[in-house]
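Enquirer: Would you mind keeping the following structure in view while I ask a few things?
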Amino acid sequence: MKKLSARRRHPLAAVVVLLLALAATGGLYAAFAPAGKAQADETAQSLAIDEGKKLYSVGCASCHGSGGQGTTDGPSLVGVGSAAVDFQVGTGRMPAQQPGAQVPKKKVIYSQAEIDQLAAYVSSLGAGPITPTKSQVDPSGADVAKGGDLFRTNCAQCHNFTGEGGALTKGKFAPSLEGVSPKHIYEAMQTGPQSMPSFPDTTMPEQEKKDIIAYIKTVNGDDSETPGGLSLGGLGPVSEGLFGWIFGLGGLVAVAVWVAAHTAKAKKS
């Protein structure tokens, strides 16, 4: 009997097997890797919330309540979001030194990592405005002229048309915007701290916020010129008129007195 000859494998069979193995491995990775990453992110977020709660209990609970519900000394933090925490703590306004009509900006006592942990905990109490990303606050390519129009329409009544700030009622004030980071300007528009109204994206889109940031940075930049000479605080016609009234009228009175005195002496002689 003739032995049956063994079937020869096709030369590409090994390649096909290898491709199938790689596909199977890729499929397994695609199936399990996202779940593993999501679990890691969730674990990191939980740790941040736990650490933030510890920081909150030490530095914030005495005024805002043990669960952020608020007290007679501080408002509720439920629903304020991470943006409000990043702004208030990141500018040193919180924790407040003492109650008053308005909490001023002061030295920051927390690191950015601690601020992020506090923000994570407060965000867990209720959804609110989220801390913006770098791309959201980057004013590169923004329309400075449009930003100026938006600023004069929505902000200049309190902050002055160049962002120098100004006095408000009952001991409150609009702070100067010079030197304020784009992120904190964006967050202030998002959250409306203290006397300021809020401008969510439904009212003022992200691009318009960028335009306003670009305008503020331009008028307060080192390259900004003052055609009239001394800016006099950037307060416009009010300060300029007061300057003219005091020094201009005072100078005229002095000249009149001098002329009268010399005229009297001339007549006596």
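To be explicit about the labels: the chains of the structure tokens are called A, B, and onward in the order shown, and within each one the residues are counted from 1, while ligands get numbers from 1 in the order they are shown.
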Taking the DSSP assignment computed from this structure's backbone, write out as JSON, numbers by chain all residues of region 117-174 of chain A that belong to alpha helix (DSSP H).
Expert: {"A": [117, 118, 119, 120, 121, 122, 123, 124, 125, 134, 135, 136, 137, 144, 145, 146, 147, 148, 149, 150, 151, 152, 153, 154, 156, 157, 158, 159]}
Enquirer: Neighbouring residues of region 127-131 of chain A were defined as those with any atom within 12 Å, considering only C-alpha atoms; residues of the same chain fewer than 6 positions away were excluded. Please report them as an NGL selection string.
Expert: :A and (77-88 or 90 or 115-116 or 119-121 or 137 or 183-192 or 198-201)
Enquirer: Can you write out the residues you just picked, keeping C-alpha atoms, as a compact mmCIF listing (two decimals), in the first residue's frame?
Expert:
```
# COMPACT_ATOMS: atom_id res chain seq x y z
CA LEU A 77 -20.56 75.03 48.98
CA VAL A 78 -22.92 72.46 47.49
CA GLY A 79 -22.92 73.00 43.73
CA VAL A 80 -20.25 75.73 43.57
CA GLY A 81 -17.94 73.41 41.60
CA SER A 82 -14.19 73.07 41.37
CA ALA A 83 -13.80 76.40 39.53
CA ALA A 84 -15.03 78.37 42.54
CA VAL A 85 -12.65 76.53 44.86
CA ASP A 86 -9.70 77.02 42.52
CA PHE A 87 -10.44 80.75 42.26
CA GLN A 88 -11.14 81.48 45.93
CA GLY A 90 -5.92 79.96 44.47
CA ILE A 115 -6.17 73.15 45.97
CA ASP A 116 -7.00 70.42 43.45
CA ALA A 119 -11.76 71.18 44.64
CA ALA A 120 -12.28 67.44 44.16
CA TYR A 121 -13.97 67.14 47.55
CA VAL A 137 -7.98 80.18 29.02
CA LYS A 183 -7.32 81.04 34.59
CA HIS A 184 -8.57 83.06 37.55
CA ILE A 185 -10.18 85.67 35.27
CA TYR A 186 -11.99 82.86 33.45
CA GLU A 187 -13.09 81.26 36.73
CA ALA A 188 -14.37 84.58 38.05
CA MET A 189 -16.55 84.95 34.96
CA GLN A 190 -17.74 81.37 35.41
CA THR A 191 -18.61 81.56 39.08
CA GLY A 192 -19.34 85.21 39.88
CA SER A 198 -21.69 85.01 36.83
CA PHE A 199 -21.30 84.57 33.08
CA PRO A 200 -21.75 80.84 32.27
CA ASP A 201 -21.05 79.54 28.79
```
Enquirer: So how many Å separate CA of Thr71 (chain A) and CA of Pro99 (chain A), to one decimal?
Expert: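 Between CA of Thr71 (chain A) and CA of Pro99 (chain A) the gap is 12.7 Å.
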Enquirer: Hey, what's within 12 Å of Ile216 (chain A) if we count only C-alpha atoms and toss same-chain stuff fewer than 6 positions away? As number ranges by chain, please?
Expert: A: 139, 142-152, 155-156, 159-165, 176-182, 185-186, 209-210, 222, 224
Enquirer: Going by DSSP on the backbone, which residues of region 117-222 of chain A come out as strand (DSSP E or B)? List them as number ranges by chain.
Expert: A: 166-167, 173-174
Enquirer: Suppose we keep C-alpha atoms; can you now write the selection as an mmCIF file, in the first residue's frame?
Expert:
```
data_model
loop_
_atom_site.group_PDB
_atom_site.id
_atom_site.type_symbol
_atom_site.label_atom_id
_atom_site.label_comp_id
_atom_site.auth_asym_id
_atom_site.auth_seq_id
_atom_site.Cartn_x
_atom_site.Cartn_y
_atom_site.Cartn_z
ATOM 1 C CA GLY A 166 -13.147 100.706 41.791
ATOM 2 C CA ALA A 167 -15.292 101.231 44.866
ATOM 3 C CA PHE A 173 -15.059 96.978 45.807
ATOM 4 C CA ALA A 174 -14.194 95.658 42.368
#
```
Enquirer: I'd like the contact shell of Lys170 (chain A) - 12 Å cut-off, only C-alpha atoms, skipping same-chain residues fewer than 5 positions apart - returned as a PyMOL selection string.
Expert: chain A and resi 100-102+195
